[in-house]
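J.: Contents of work.cif (mmCIF, C-alpha atoms) are below:
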data_coords
#
loop_
_atom_site.label_atom_id
_atom_site.label_comp_id
_atom_site.auth_asym_id
_atom_site.auth_seq_id
_atom_site.Cartn_x
_atom_site.Cartn_y
_atom_site.Cartn_z
CA MET Y 7 38.52 4.09 -31.69
CA VAL Y 8 37.73 0.38 -31.96
CA LYS Y 9 36.56 -1.38 -28.84
CA VAL Y 10 37.96 -4.90 -28.63
CA ILE Y 11 35.54 -7.44 -27.25
CA GLN Y 12 36.93 -10.67 -25.89
CA VAL Y 13 34.83 -13.65 -26.87
CA PHE Y 14 35.01 -16.75 -24.75
CA THR Y 15 34.87 -20.24 -26.13
CA MET Y 16 34.35 -23.50 -24.32
CA SER Y 17 38.10 -24.05 -24.51
CA ALA Y 18 38.55 -20.95 -22.33
CA LEU Y 19 36.36 -22.53 -19.66
CA PRO Y 20 38.45 -24.61 -17.25
CA GLN Y 21 37.82 -28.37 -17.20
CA THR Y 22 37.85 -28.45 -13.40
CA GLY Y 23 38.01 -25.97 -10.58
CA TYR Y 24 35.75 -23.21 -9.40
CA LEU Y 25 34.22 -20.19 -11.12
CA ARG Y 26 32.87 -17.02 -9.57
CA GLN Y 27 29.68 -15.35 -10.76
CA THR Y 28 31.52 -12.67 -12.75
CA GLN Y 29 33.47 -15.37 -14.59
CA ILE Y 30 30.24 -17.13 -15.54
CA LEU Y 31 28.06 -14.11 -16.36
CA GLY Y 32 30.70 -11.51 -17.16
CA ASN Y 33 30.57 -7.86 -16.22
CA PRO Y 34 29.06 -5.66 -18.98
CA ARG Y 35 30.10 -2.44 -17.23
CA ARG Y 36 33.73 -3.45 -17.53
CA GLY Y 37 33.36 -4.99 -20.99
CA VAL Y 38 33.94 -8.51 -19.67
CA HIS Y 39 31.84 -11.14 -21.40
CA GLY Y 40 30.82 -14.30 -19.63
CA PHE Y 41 29.95 -17.78 -20.77
CA ILE Y 42 26.22 -17.45 -20.03
CA PRO Y 43 24.73 -14.13 -21.18
CA VAL Y 44 22.05 -13.52 -18.55
CA SER Y 45 21.69 -10.96 -15.79
CA ALA Y 46 22.62 -11.72 -12.19
CA THR Y 47 18.93 -11.59 -11.28
CA THR Y 48 18.07 -14.21 -13.89
CA TRP Y 49 21.04 -16.33 -12.80
CA TRP Y 50 19.96 -16.39 -9.16
CA THR Y 51 16.38 -17.14 -10.21
CA TRP Y 52 17.71 -20.11 -12.20
CA VAL Y 53 19.73 -21.24 -9.16
CA ARG Y 54 16.68 -20.96 -6.90
CA GLU Y 55 14.50 -22.88 -9.43
CA GLY Y 56 17.14 -25.57 -9.99
CA LYS Y 57 17.79 -24.60 -13.64
CA ALA Y 58 21.37 -23.63 -12.76
CA PRO Y 59 23.66 -25.60 -10.47
CA ALA Y 60 23.76 -24.90 -6.77
CA PRO Y 61 26.70 -22.76 -5.65
CA LEU Y 62 29.33 -23.65 -3.11
CA LYS Y 63 29.98 -21.19 -0.30
CA LEU Y 64 33.74 -21.20 0.36
CA GLY Y 65 33.64 -18.39 2.87
CA PRO Y 66 32.03 -15.05 3.66
CA GLY Y 67 31.55 -13.23 0.37
CA LEU Y 68 32.99 -16.11 -1.68
CA THR Y 69 30.43 -18.05 -3.69
CA VAL Y 70 31.60 -20.32 -6.50
CA TRP Y 71 30.33 -22.94 -8.91
CA ARG Y 72 32.12 -26.08 -10.09
CA ALA Y 73 33.45 -25.65 -13.63
CA GLU Y 74 32.14 -29.13 -14.49
CA ASP Y 75 28.61 -28.07 -13.51
CA ILE Y 76 28.84 -24.90 -15.61
CA ARG Y 77 30.11 -26.89 -18.62
CA ALA Y 78 27.14 -29.27 -18.25
CA LEU Y 79 24.72 -26.31 -18.02
CA ILE Y 80 26.17 -24.68 -21.14
CA ALA Y 81 25.86 -27.98 -23.03
CA GLU Y 82 22.22 -28.31 -21.90
CA LEU Y 83 21.40 -24.73 -22.88
CA ALA Y 84 22.97 -25.34 -26.30
CA ARG Y 85 20.85 -28.49 -26.76
CA GLN Y 86 17.70 -26.58 -25.80
CA ASP Y 87 18.57 -23.77 -28.20
CA GLU Y 88 19.24 -26.26 -31.00
CA THR Y 89 15.90 -27.99 -30.35
CA ARG Y 90 14.05 -24.66 -30.26
CA THR Y 91 15.74 -23.52 -33.48
CA THR Y 92 14.91 -26.83 -35.18
CA SER Y 93 11.29 -26.63 -34.02
CA ARG Y 94 10.98 -23.08 -35.33
CA GLY Y 95 12.55 -24.13 -38.61
CA GLN Y 96 10.10 -27.00 -39.01
CA SER Y 97 7.14 -24.77 -38.13
CA LEU Y 98 8.34 -22.18 -40.61
CA ALA Y 99 8.80 -24.84 -43.28
CA SER Y 100 5.25 -26.13 -42.64
CA ALA Y 101 3.86 -22.60 -42.94
CA ARG Y 102 5.72 -22.09 -46.21
CA ARG Y 103 4.34 -25.35 -47.62
CA ARG Y 104 0.79 -24.33 -46.70
CA LYS Y 105 1.31 -20.92 -48.28
CA ARG Y 106 2.63 -22.48 -51.52
CA LYS Y 107 -0.44 -24.72 -51.68
CA GLY Y 108 -2.60 -21.63 -51.25
CA GLY Y 109 -4.15 -22.97 -48.09
CA HIS Y 110 -4.55 -21.71 -44.60
CA GLU Y 111 -4.87 -23.49 -41.31
CA PRO Y 112 -7.91 -25.79 -41.42
CA GLU Y 113 -11.06 -24.32 -39.97
CA ASP Y 114 -12.27 -26.02 -36.81
CA GLY Y 115 -16.00 -25.44 -37.18
CA GLY Y 116 -16.15 -21.97 -35.66
CA GLY Y 117 -14.52 -22.74 -32.34
CA GLN Y 118 -16.52 -25.88 -31.52
CA SER Y 119 -13.37 -27.87 -30.67
CA GLY Y 120 -13.56 -29.82 -33.91
CA VAL Y 121 -16.78 -31.63 -32.98
CA GLN Y 122 -19.02 -32.05 -36.03
CA GLY Y 123 -22.74 -31.41 -35.65
CA ALA Y 124 -22.54 -30.15 -32.07
#
Could you write out this structure as structure tokens?
T.:
Amino acid sequence: MVKVIQVFTMSALPQTGYLRQTQILGNPRRGVHGFIPVSATTWWTWVREGKAPAPLKLGPGLTVWRAEDIRALIAELARQDETRTTSRGQSLASARRRKRKGGHEPEDGGGQSGVQGA
């Protein structure tokens, strides 16, 4: 039996309106995938630390986030991931160049913070 997994794209994310936590994070137990693949614990830590947008409380047991805020967060996370990937790629390229030249990282004088004659 093949399990069909629904993949969300940014076009599936509403332009405006409100989203509940399960719409943002998904529900792995039910096979529902969200837009941001982190646990609820991580999500609430991000909210508390200001990394994720603040929720709106519409009533008892009804917490939502503005779709516009979630779109902005996803765009920011994508930029961070792209920057991290680029940085890793550059570091890897530098390491490969050093290896081709047969060199290693320059010695720093045995841990003396690069100070000569100290």
J.: Rounded to one decimal in Å, what is the spacing between atom CA of Y:Leu64 and atom CA of Y:Pro43?
T.: 24.4 Å
J.: For Y:Ile80, please output as a list in words all residues within 12 Å (counting only C-alpha atoms; exclusion window: fewer than 6 positions along the same chain).
T.: Thr15, Met16, Leu19, Ile30, Leu31, Gly40, Phe41, Ile42, Pro43, Lys57, Ala58, Pro59, Ala73, Glu74, Gln86 and Asp87 of chain Y
J.: What gap, in Å, lies between atom CA of Y:Gly56 and atom CA of Y:Gln21?
T.: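 Interatomic distance, atom CA of Y:Gly56 to atom CA of Y:Gln21: 22.1 Å.
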J.: Hey, can you check how far atom CA of Y:Glu82 sits from atom CA of Y:Thr69?
T.: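 One can read the atom CA of Y:Glu82 to atom CA of Y:Thr69 distance as 22.5 Å.
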J.: Please identify all polymer residues lying at most 8 Å from the point (38.0, -26.1, -8.4) (file coordinates), using all atoms listed in the file, and present the result as JSON, numbers by chain.
T.: {"Y": [22, 23, 24, 25, 72, 73]}
J.: Would you write out, as a ChimeraX atom specification, every residue that the PyMOL selection byres ((chain Y and resi 27) around 10) captures in this file?
T.: /Y:25-26,28-33,40,46,49-50,61,68-71
J.: Rank nothing, just name the residue among Y:Arg90, Y:Thr48, Y:Arg77, Y:Ala84 nearest to Y:Pro20, using all atoms listed in the file.
T.: Y:Arg77
